Amino acid sequence: MKPDDKPPIDATARKPIVPNRLYAPYLEASWGFKNAWYPALFSSEVGENEVKGVTIASHDIALRRVKGRVHAIQDRCAHRGVKMSLRPTCLTDETITCWYHGFTYGLNDGTLKTIVASPDDPLIGQVRIRTYPVEERAGIIFVFVGDEDYAPAPPLTADLPIQITDDANPVAHILDAHVYVRGIHREGNSNWRIAVENGFDPGHLLIHWDNVIVAATDRRMGLGARPIAEDAIKIIDEPNGPRGMMNMYNTRAYKFFMENKVIGMKARGKTPYYARTSVYLPGVLLVEHWPVPGWAQYEWYVPTDDRHHVYWEVLVGHCRDDQERREADYLYDHFFEPLALRDFNDNDVFAREAMQDFYENRDGWNAETLCAFDESVIMWRKIAARFNRGIQDPPHRRGR
Amino acid sequence: MASEEPGEIERAGVPVTLRFEDGVEQRIVVARDEFVLDAALRQGIPLVYQCRSGICSTCVATVVEGAVAPAPGRAVALLASEIAAGRRLLCVSHAHAASVIREHYPSTLIDRRDSPEELAQGESATIRANVAAVEWPGATVGKLAIEVADGAGFDFQSGQYVRIKVPGTEQWRSYSMATTPRELPRLEFLVRMIAGGAMSEYLTRARVGDALEVEGPRGAFVLRPRRASHIFIAGGTGLAPILSLIDALRRRSGPRPPALLSFGCSSAEDFFYRDEIEIRQWWMPELRVRLSGGRAARAASGLLRGNPVEAIAVDDIGGVETDAYLCGPPAMIEAARRHLVGLGLNPERIYAERFVAS
Ligand SMILES: Cc1cc2nc3c(=O)[nH]c(=O)nc-3n(C[C@H](O)[C@H](O)[C@H](O)COP(=O)(O)OP(=O)(O)OC[C@H]3O[C@@H](n4cnc5c(N)ncnc54)[C@H](O)[C@@H]3O)c2cc1C
Ligand code: FES
Ligand code: FES
Ligand SMILES: [Fe+2]
């Protein structure tokens with residue numbers, strides 16, 4: 001007997017692999033990728049002896065700075081589950097105490113050192129809450145979020161954009177020695193993936209075409225760009241290093257559209273410019289030569305839960321001395337932040353929040369209709385599916 | 001004579017300690033002429049087993065101390081080297097003195113099973129399910145997808161199997177899940193088509209919505225919590241639990257270990273699931289793959305000539321810490337076990353599921 005003697009229910013032979021099957025793990029990652037370095041707060045936001053709470057990919061984390069060093073510890077008391085950061089209580093340099101009944105944990109390993117009202121309790125030494133690896137660099141506190149048994153954590157550089165070298169006047173890397181780093185973060189009311197995909201989307205220039213910064217600098221910004229050659233998108237897969245992809249706007253592999261005759265729309269502005277975008281795991285964007293040549297814009301879309309993220313917008317520039325720092329401060333305060341990080345990027349925030357309902361409630365990941373310039377969106381999804389270090393489970397499923 | 005009039009101790013049997021992988025110990029008493037497995041089940045200690053006749057090797061354990069030996073005249077599916085290393089099949093072995101036996105799985109593995117009594121009868125919960133799809137990924141392989149009834153409370157671990165009652169008959173057949181618990185309530189199976197086979201025949205007339213009776217989960221072929229490299233060897237539909245294990249490995253907590261999948265079918269024409277394997281290679285940069293198409297495979301097929309066991313070379317063994325998972329017909333498992341031990345693998349780190357015919 002051969003199974004094809006009689007046509008069974010579905011006699012289809014081998015099916016081609018459809019793209020969304022290849023990136024299925026990305027579609028599962030509503031709560032973000034785990035085992036990755038994420039920015040938690042700016043250094044300036046956690047003063048000496050202060051405690052601040054953050055939530056990253058469903059992990060509630062308390063940050064406390066003692067003698068200059070930041071510790072990251074689970075922000076959920078083992079006793080009754082309250083967040084310790086709600087009413088910070090620190091009685092010694094080595095511990096954090098829960099404000100409710102006084103469970104007191106060692107900052108270094110999370111073990112229960114004492115209970116204020118039960119100093120001989122048998123639980124002492126037996127219970128612990130988890131801690132997280134921390135790196136404070138360039139004025140940002142980064143936390144390695146994910147499985148406690150993911151050890152050792154990879155270096156922070158593995159989760160940051162690459163060092164740019166293929167450019168006559170390369171932008172600075174955020175960890176370079178002489179850099180100026182400043183920025184903002186704000187809550188984004190959308191899933192983190194929607195935000196990442198908007199960040200490097202070559203087809204979305206329409207939302208920016210009349211922005212103040214574009215008009216004021218007389219920028220010749222196209223209506224959009226579309227990959228026309230194989231090498232339009234470069235995959236970045238450094239050994240133990242950053243993994244991601246770059247839109248090669250500096251080559252002829254992308255075609256920029258300056259005019260659409262059907263609707264009679266033309267790019268304005270006379271000053272040519274070039275701002276290349278690249279995106280990395282776990283969701284970090286680099287825009288070279290933005291908001292002005294020589295500067296770089298970094299963006300993170302740090303998942304909070306499956307419907308919110310923290311949108312980080314950080315500018316990085318070369319800066320050798322105090323004189324240059326003062327100049328940079330002036331530019332940042334009166335130009336970069338108001339016109340680039342706020343006015344220009346507000347349009348991106350608007351677009352992301354507008355997409356949320358479709359992707360959350362209307363099966364958007366299956367119902368979307370992507371077009372030619374979305375090739376780079378698809379590529380990002382595939383790369384993210386391949387190179388992530390794990391998919392964050394929703395809190396109630398963790399550990400299954 | 002003493003043998004006619006057994007003393008107190010002999011009548012009661014000998015004490016045997018069962019030591020599980022997680023450190024838990026259970027003490028049982030094994031009567032003269034009683035098999036160790038039967039004694040454990042009788043005394044409410046659930047152990048994993050399947051055939052209860054020394055064929056499938058599911059019940060394999062290691063004697064650490066004492067004297068445990070197979071009943072005379074029983075053919076036993078173990079290599080001489082394994083017996084020398086203390087391995088015993090508890091379903092056909094007697095204890096001749098106080099002994100300590102090490103089990104190769106944690107005591108928690110079968111906690112979730114309903115009760116020791118049910119286990120002892122080889123029966124666990126029966127649930128209802130419906131056929132969701134039947135497809136033909138290969139010339140001699142059917143894919144059966146079913147959905148278990150809502151609220152049946154069915155759960156399992158990747159690598160386990162269930163028994164399915166062939167509709168319209170009183171016959172039960174065992175099939176390993178090719179999917180993981182994440183895909184519940186959907187389960188998928190890969191079924192080898194056998195001329196005149198009860199389940200094989202059924203698949204050709206199955207219709208979406210057909211009601212099925214399913215019993216399980218069963219089996220101890222599950223992922224061990226280890227970090228060293230993993231080798232998976234699958235023959236034919238033995239790929240089913242291996243795919244489930246690979247998907248579980250990808251989603252497991254902590255850094256992912258390097259892994260090698262060697263999969264083969266008896267001929268290039270019978271080969272199936274190349275796309276499913278390619279997808280997993282994309283998802284897991286650390287997964288290497290070897291595909292074999294039998295003795296007559298030609299280069300144009302993109303498959304290696306030979307079987308998935310021969311495809312493993314000494315360079316593939318990442319040291320004695322390597323774990324190997326084997327699934328397929330008993331002959332393939334025996335060959336693979338011999339081959340891997342020959343390449344220096346620790347026999348205790350070789351886990352297998354044999355697709356023995358019912
Ligand atoms: C733990 C376990 C898990 C299993 N998982 C799977 C699985 O995932 N996929 C799968 O395809 N099978 C699996 N099997 C085997 C499966 O249970 C059946 O034995 C097999 O599918 C044949 O069933 P059938 O009803 O089609 O044929 P049957 O009616 O059982 O057999 C028809 C005839 O073919 C003979 N026969 C049976 N098997 C073979 C064989 N392999 N080669 C040659 N002749 C044979 C029989 O002796 C009989 O004469 C598993 C077995 C075990 C013990
Ligand atoms: S809830 Fe924290 S001590 Fe009780
Ligand atoms: S149960 Fe012992 S060999 Fe099968
Ligand atoms: Fe934008």
# chains A, B, ... in the order shown; residues from 1 in each chain; ligands from 1
>>> residues_near_ligand(ligand="ligand 4", cutoff="8 Å", atoms="only C-alpha atoms and all ligand atoms", output="VMD selection string")
chain A and resid 198 to 201 204 to 205 207 to 208 344 to 345 347 to 348
>>> residues_near_ligand(ligand="ligand 2", cutoff="8 Å", atoms="only C-alpha atoms and all ligand atoms", output="list in words")
Arg76, Cys77, Ala78, His79, Arg80, Gly81, Val82, Lys83, Met84, Thr97, Cys98, Trp99, Tyr100, His101, Gly102, Phe103, Thr104 and Ile115 of chain A
>>> interface_residues(of="chain B", to="chain A", cutoff="9 Å", atoms="only C-alpha atoms", output="ChimeraX atom specification")
/B:133-142,193-196,200-201,203-208,250-256,272-276,279-285
>>> residues_near_ligand(ligand="ligand 1", cutoff="9 Å", atoms="only C-alpha atoms and all ligand atoms", output="MDAnalysis selection string")
chainID B and resid 50:51 56 58 141:142 160:164 166 171:178 189:203 218:219 236:241 327:330 353:358
>>> write_last_selection(atoms="C-alpha atoms", output="mmCIF file, in the first residue's frame")
data_model
loop_
_atom_site.group_PDB
_atom_site.id
_atom_site.type_symbol
_atom_site.label_atom_id
_atom_site.label_comp_id
_atom_site.auth_asym_id
_atom_site.auth_seq_id
_atom_site.Cartn_x
_atom_site.Cartn_y
_atom_site.Cartn_z
ATOM 1 C CA GLN B 50 7.688 0.049 28.544
ATOM 2 C CA CYS B 51 7.871 -3.492 27.214
ATOM 3 C CA CYS B 56 13.129 -1.805 24.765
ATOM 4 C CA THR B 58 13.596 1.801 28.864
ATOM 5 C CA VAL B 141 5.653 8.873 6.119
ATOM 6 C CA GLY B 142 2.382 10.300 7.302
ATOM 7 C CA GLN B 160 7.770 11.463 25.430
ATOM 8 C CA TYR B 161 5.186 9.402 23.577
ATOM 9 C CA VAL B 162 1.535 8.428 23.838
ATOM 10 C CA ARG B 163 -0.431 5.367 22.869
ATOM 11 C CA ILE B 164 -3.209 5.855 20.369
ATOM 12 C CA VAL B 166 -6.416 2.685 16.153
ATOM 13 C CA GLN B 171 -5.329 -2.143 18.967
ATOM 14 C CA TRP B 172 -3.066 0.432 20.544
ATOM 15 C CA ARG B 173 0.094 1.824 18.951
ATOM 16 C CA SER B 174 2.798 4.047 20.439
ATOM 17 C CA TYR B 175 3.848 7.346 18.822
ATOM 18 C CA SER B 176 6.262 10.011 19.957
ATOM 19 C CA MET B 177 5.250 13.647 19.853
ATOM 20 C CA ALA B 178 7.100 15.630 17.165
ATOM 21 C CA PHE B 189 3.164 12.560 15.070
ATOM 22 C CA LEU B 190 5.237 11.081 12.274
ATOM 23 C CA VAL B 191 3.982 7.657 11.310
ATOM 24 C CA ARG B 192 5.891 5.249 9.151
ATOM 25 C CA MET B 193 3.647 3.574 6.605
ATOM 26 C CA ILE B 194 3.800 -0.208 6.857
ATOM 27 C CA ALA B 195 1.952 -2.396 4.368
ATOM 28 C CA GLY B 196 -1.033 -3.878 6.155
ATOM 29 C CA GLY B 197 -0.226 -2.043 9.368
ATOM 30 C CA ALA B 198 -3.268 -1.211 11.458
ATOM 31 C CA MET B 199 -2.373 2.425 12.073
ATOM 32 C CA SER B 200 -0.869 2.802 8.618
ATOM 33 C CA GLU B 201 -4.111 1.687 7.009
ATOM 34 C CA TYR B 202 -6.117 3.963 9.254
ATOM 35 C CA LEU B 203 -4.109 7.041 8.258
ATOM 36 C CA ARG B 218 4.837 7.843 28.690
ATOM 37 C CA GLY B 219 8.551 7.392 28.459
ATOM 38 C CA GLY B 236 13.123 7.498 9.789
ATOM 39 C CA THR B 237 10.162 8.548 11.897
ATOM 40 C CA GLY B 238 12.517 8.380 14.881
ATOM 41 C CA LEU B 239 12.952 12.027 13.947
ATOM 42 C CA ALA B 240 9.697 12.838 15.779
ATOM 43 C CA PRO B 241 10.882 12.945 19.409
ATOM 44 C CA CYS B 327 15.686 7.274 18.254
ATOM 45 C CA GLY B 328 14.653 4.816 15.611
ATOM 46 C CA PRO B 329 14.311 1.091 15.054
ATOM 47 C CA PRO B 330 16.026 -1.168 17.626
ATOM 48 C CA GLU B 353 13.950 5.440 22.402
ATOM 49 C CA ARG B 354 13.343 2.243 20.467
ATOM 50 C CA PHE B 355 10.424 2.043 18.082
ATOM 51 C CA VAL B 356 9.613 -1.590 18.749
ATOM 52 C CA ALA B 357 6.636 -3.012 16.918
ATOM 53 C CA SER B 358 3.551 -3.551 19.058
#
>>> residues_near_ligand(ligand="ligand 3", cutoff="6 Å", atoms="only C-alpha atoms and all ligand atoms", output="count of residues only")
14
>>> select_by_dssp(residues="range 124-232 of chain A", states="helix (DSSP H, G or I)", output="list in words")
Leu156, Thr157, Ala158, Asp159, Trp192, Arg193, Ile194, Ala195, Val196, Glu197, Asn198, Gly199, Phe200, Leu205, Leu206, Ile207, His208, Val212, Ile213, Val214, Ala215, Ala216, Glu230, Asp231 and Ala232 of chain A
>>> write_last_selection(atoms="N, CA, C and O atoms", output="JSON list (two decimals), in the first residue's frame")
[["chain", "number", "residue", "atom", "x", "y", "z"],
["A", 156, "LEU", "N", 29.26, 43.44, 27.05],
["A", 156, "LEU", "CA", 28.28, 44.46, 26.66],
["A", 156, "LEU", "C", 28.38, 44.82, 25.18],
["A", 156, "LEU", "O", 27.37, 45.03, 24.51],
["A", 157, "THR", "N", 29.61, 44.84, 24.66],
["A", 157, "THR", "CA", 29.79, 45.23, 23.25],
["A", 157, "THR", "C", 29.04, 44.30, 22.30],
["A", 157, "THR", "O", 28.73, 44.69, 21.18],
["A", 158, "ALA", "N", 28.76, 43.07, 22.73],
["A", 158, "ALA", "CA", 28.05, 42.13, 21.87],
["A", 158, "ALA", "C", 26.63, 42.61, 21.58],
["A", 158, "ALA", "O", 26.01, 42.19, 20.60],
["A", 159, "ASP", "N", 26.10, 43.46, 22.46],
["A", 159, "ASP", "CA", 24.72, 43.92, 22.31],
["A", 159, "ASP", "C", 24.65, 45.41, 21.98],
["A", 159, "ASP", "O", 23.62, 46.05, 22.22],
["A", 192, "TRP", "N", 7.46, 46.30, 21.58],
["A", 192, "TRP", "CA", 8.83, 46.73, 21.24],
["A", 192, "TRP", "C", 9.20, 46.45, 19.79],
["A", 192, "TRP", "O", 9.95, 47.19, 19.17],
["A", 193, "ARG", "N", 8.63, 45.35, 19.20],
["A", 193, "ARG", "CA", 9.03, 44.99, 17.83],
["A", 193, "ARG", "C", 8.51, 46.00, 16.81],
["A", 193, "ARG", "O", 9.16, 46.29, 15.80],
["A", 194, "ILE", "N", 7.32, 46.53, 17.09],
["A", 194, "ILE", "CA", 6.75, 47.54, 16.21],
["A", 194, "ILE", "C", 7.65, 48.77, 16.20],
["A", 194, "ILE", "O", 7.87, 49.40, 15.16],
["A", 195, "ALA", "N", 8.20, 49.08, 17.37],
["A", 195, "ALA", "CA", 9.08, 50.25, 17.48],
["A", 195, "ALA", "C", 10.39, 50.01, 16.74],
["A", 195, "ALA", "O", 10.84, 50.86, 15.97],
["A", 196, "VAL", "N", 11.01, 48.85, 16.93],
["A", 196, "VAL", "CA", 12.28, 48.57, 16.23],
["A", 196, "VAL", "C", 12.05, 48.67, 14.73],
["A", 196, "VAL", "O", 12.84, 49.28, 14.01],
["A", 197, "GLU", "N", 11.00, 48.03, 14.25],
["A", 197, "GLU", "CA", 10.79, 47.96, 12.81],
["A", 197, "GLU", "C", 10.56, 49.34, 12.21],
["A", 197, "GLU", "O", 10.93, 49.59, 11.06],
["A", 198, "ASN", "N", 9.97, 50.22, 12.99],
["A", 198, "ASN", "CA", 9.80, 51.60, 12.52],
["A", 198, "ASN", "C", 11.15, 52.31, 12.43],
["A", 198, "ASN", "O", 11.37, 53.15, 11.57],
["A", 199, "GLY", "N", 12.04, 51.96, 13.36],
["A", 199, "GLY", "CA", 13.30, 52.70, 13.47],
["A", 199, "GLY", "C", 14.13, 52.73, 12.19],
["A", 199, "GLY", "O", 14.70, 53.74, 11.85],
["A", 200, "PHE", "N", 14.19, 51.58, 11.48],
["A", 200, "PHE", "CA", 15.06, 51.53, 10.29],
["A", 200, "PHE", "C", 14.26, 51.37, 9.00],
["A", 200, "PHE", "O", 14.84, 51.15, 7.94],
["A", 205, "LEU", "N", 9.78, 57.48, 5.24],
["A", 205, "LEU", "CA", 10.23, 58.86, 5.27],
["A", 205, "LEU", "C", 9.08, 59.86, 5.10],
["A", 205, "LEU", "O", 9.21, 61.03, 5.43],
["A", 206, "LEU", "N", 7.95, 59.34, 4.60],
["A", 206, "LEU", "CA", 6.79, 60.21, 4.42],
["A", 206, "LEU", "C", 6.40, 60.92, 5.72],
["A", 206, "LEU", "O", 6.01, 62.08, 5.70],
["A", 207, "ILE", "N", 6.52, 60.21, 6.85],
["A", 207, "ILE", "CA", 6.09, 60.85, 8.10],
["A", 207, "ILE", "C", 7.07, 61.95, 8.52],
["A", 207, "ILE", "O", 6.78, 62.71, 9.43],
["A", 208, "HIS", "N", 8.22, 61.99, 7.88],
["A", 208, "HIS", "CA", 9.23, 62.99, 8.27],
["A", 208, "HIS", "C", 9.40, 64.10, 7.24],
["A", 208, "HIS", "O", 10.14, 65.04, 7.47],
["A", 212, "VAL", "N", 10.28, 69.85, 11.04],
["A", 212, "VAL", "CA", 11.00, 71.12, 11.20],
["A", 212, "VAL", "C", 12.48, 70.97, 10.88],
["A", 212, "VAL", "O", 13.07, 71.76, 10.15],
["A", 213, "ILE", "N", 13.10, 69.92, 11.40],
["A", 213, "ILE", "CA", 14.55, 69.78, 11.21],
["A", 213, "ILE", "C", 14.90, 69.62, 9.73],
["A", 213, "ILE", "O", 15.93, 70.12, 9.26],
["A", 214, "VAL", "N", 14.03, 68.97, 8.99],
["A", 214, "VAL", "CA", 14.29, 68.75, 7.57],
["A", 214, "VAL", "C", 14.17, 70.07, 6.81],
["A", 214, "VAL", "O", 15.05, 70.44, 6.02],
["A", 215, "ALA", "N", 13.13, 70.82, 7.10],
["A", 215, "ALA", "CA", 12.93, 72.11, 6.42],
["A", 215, "ALA", "C", 14.01, 73.11, 6.83],
["A", 215, "ALA", "O", 14.62, 73.78, 5.99],
["A", 216, "ALA", "N", 14.30, 73.17, 8.13],
["A", 216, "ALA", "CA", 15.23, 74.19, 8.62],
["A", 216, "ALA", "C", 16.65, 73.97, 8.12],
["A", 216, "ALA", "O", 17.41, 74.91, 7.96],
["A", 230, "GLU", "N", 21.20, 42.64, -4.44],
["A", 230, "GLU", "CA", 21.40, 41.61, -3.42],
["A", 230, "GLU", "C", 22.06, 42.14, -2.15],
["A", 230, "GLU", "O", 21.72, 41.73, -1.05],
["A", 231, "ASP", "N", 23.04, 43.07, -2.36],
["A", 231, "ASP", "CA", 23.84, 43.51, -1.21],
["A", 231, "ASP", "C", 23.28, 44.78, -0.56],
["A", 231, "ASP", "O", 24.00, 45.49, 0.11],
["A", 232, "ALA", "N", 22.00, 45.03, -0.77],
["A", 232, "ALA", "CA", 21.39, 46.22, -0.16],
["A", 232, "ALA", "C", 21.41, 46.10, 1.37],
["A", 232, "ALA", "O", 21.58, 47.09, 2.08]]
>>> residues_around(residues="Ala97 in chain B", least_positions_apart="2", cutoff="6 Å", atoms="only C-alpha atoms", output="ChimeraX atom specification")
/B:14,66-67,95,99
>>> closest_residue(among="A:Cys319, A:Val302, A:Leu63, A:Ala296", to="Ala36 in chain A", atoms="only C-alpha atoms")
A:Val302
>>> atom_distance(atom1="CA of Ile236 in chain A", atom2="CA of Pro161 in chain A")
9.8 Å
>>> residues_around(residues="Phe154 in chain B", least_positions_apart="3", cutoff="9 Å", atoms="only C-alpha atoms", output="CSV table (one decimal) with C-alpha atoms, in the first residue's frame")
chain,number,residue,atom,x,y,z
B,125,ALA,CA,-5.1,8.5,31.9
B,127,ILE,CA,-8.1,11.3,27.0
B,148,VAL,CA,-6.6,16.9,22.6
B,149,ALA,CA,-9.9,17.8,24.2
B,150,ASP,CA,-10.0,21.1,26.1
B,151,GLY,CA,-9.6,20.7,29.8
B,184,LEU,CA,-0.7,22.1,23.0
B,185,PRO,CA,-3.6,21.3,22.6
B,216,GLY,CA,-0.2,8.8,28.2
B,217,PRO,CA,2.2,10.5,28.3
>>> atom_distance(atom1="CA of Ala328 in chain A", atom2="CA of Val179 in chain A")
10.4 Å
>>> select_by_dssp(residues="range 149-256 of chain B", states="strand (DSSP E)", output="ChimeraX atom specification")
/B:161-165,172-176,186-192,211-218,230-235
>>> atom_distance(atom1="CA of Ala61 in chain B", atom2="CA of Ala313 in chain B")
27.6 Å
>>> closest_residue(among="A:Lys52, A:Arg65, A:His71, A:Lys266", to="Leu86 in chain A", atoms="only C-alpha atoms")
A:Lys52
>>> residues_around(residues="Pro338 in chain A", least_positions_apart="3", cutoff="12 Å", atoms="only C-alpha atoms", output="ChimeraX atom specification")
/A:183-184,211-213,291,330-335,341-346
>>> residues_around(residues="Ser93 in chain B", least_positions_apart="4", cutoff="10 Å", atoms="only C-alpha atoms", output="list in words")
Asp33, Glu34, Phe35, Val36, Leu37, Asp38, Gly54, Val68, Ala69, Pro70, Ala71, Pro72, Arg74, Val76, Arg88 and Leu89 of chain B
>>> write_last_selection(atoms="C-alpha atoms", output="CSV table (one decimal), in the first residue's frame")
chain,number,residue,atom,x,y,z
B,33,ASP,CA,11.9,-14.6,42.0
B,34,GLU,CA,10.5,-11.2,41.8
B,35,PHE,CA,11.8,-8.7,39.1
B,36,VAL,CA,13.1,-5.5,40.5
B,37,LEU,CA,10.8,-3.4,38.4
B,38,ASP,CA,7.7,-5.3,39.6
B,54,GLY,CA,13.9,-6.9,28.3
B,68,VAL,CA,21.4,-7.8,40.5
B,69,ALA,CA,21.4,-10.2,37.5
B,70,PRO,CA,19.1,-11.0,34.6
B,71,ALA,CA,16.9,-14.0,35.0
B,72,PRO,CA,18.7,-17.0,33.4
B,74,ARG,CA,16.5,-14.1,29.2
B,76,VAL,CA,18.6,-8.9,27.1
B,88,ARG,CA,20.8,-4.0,34.1
B,89,LEU,CA,17.3,-4.1,32.7
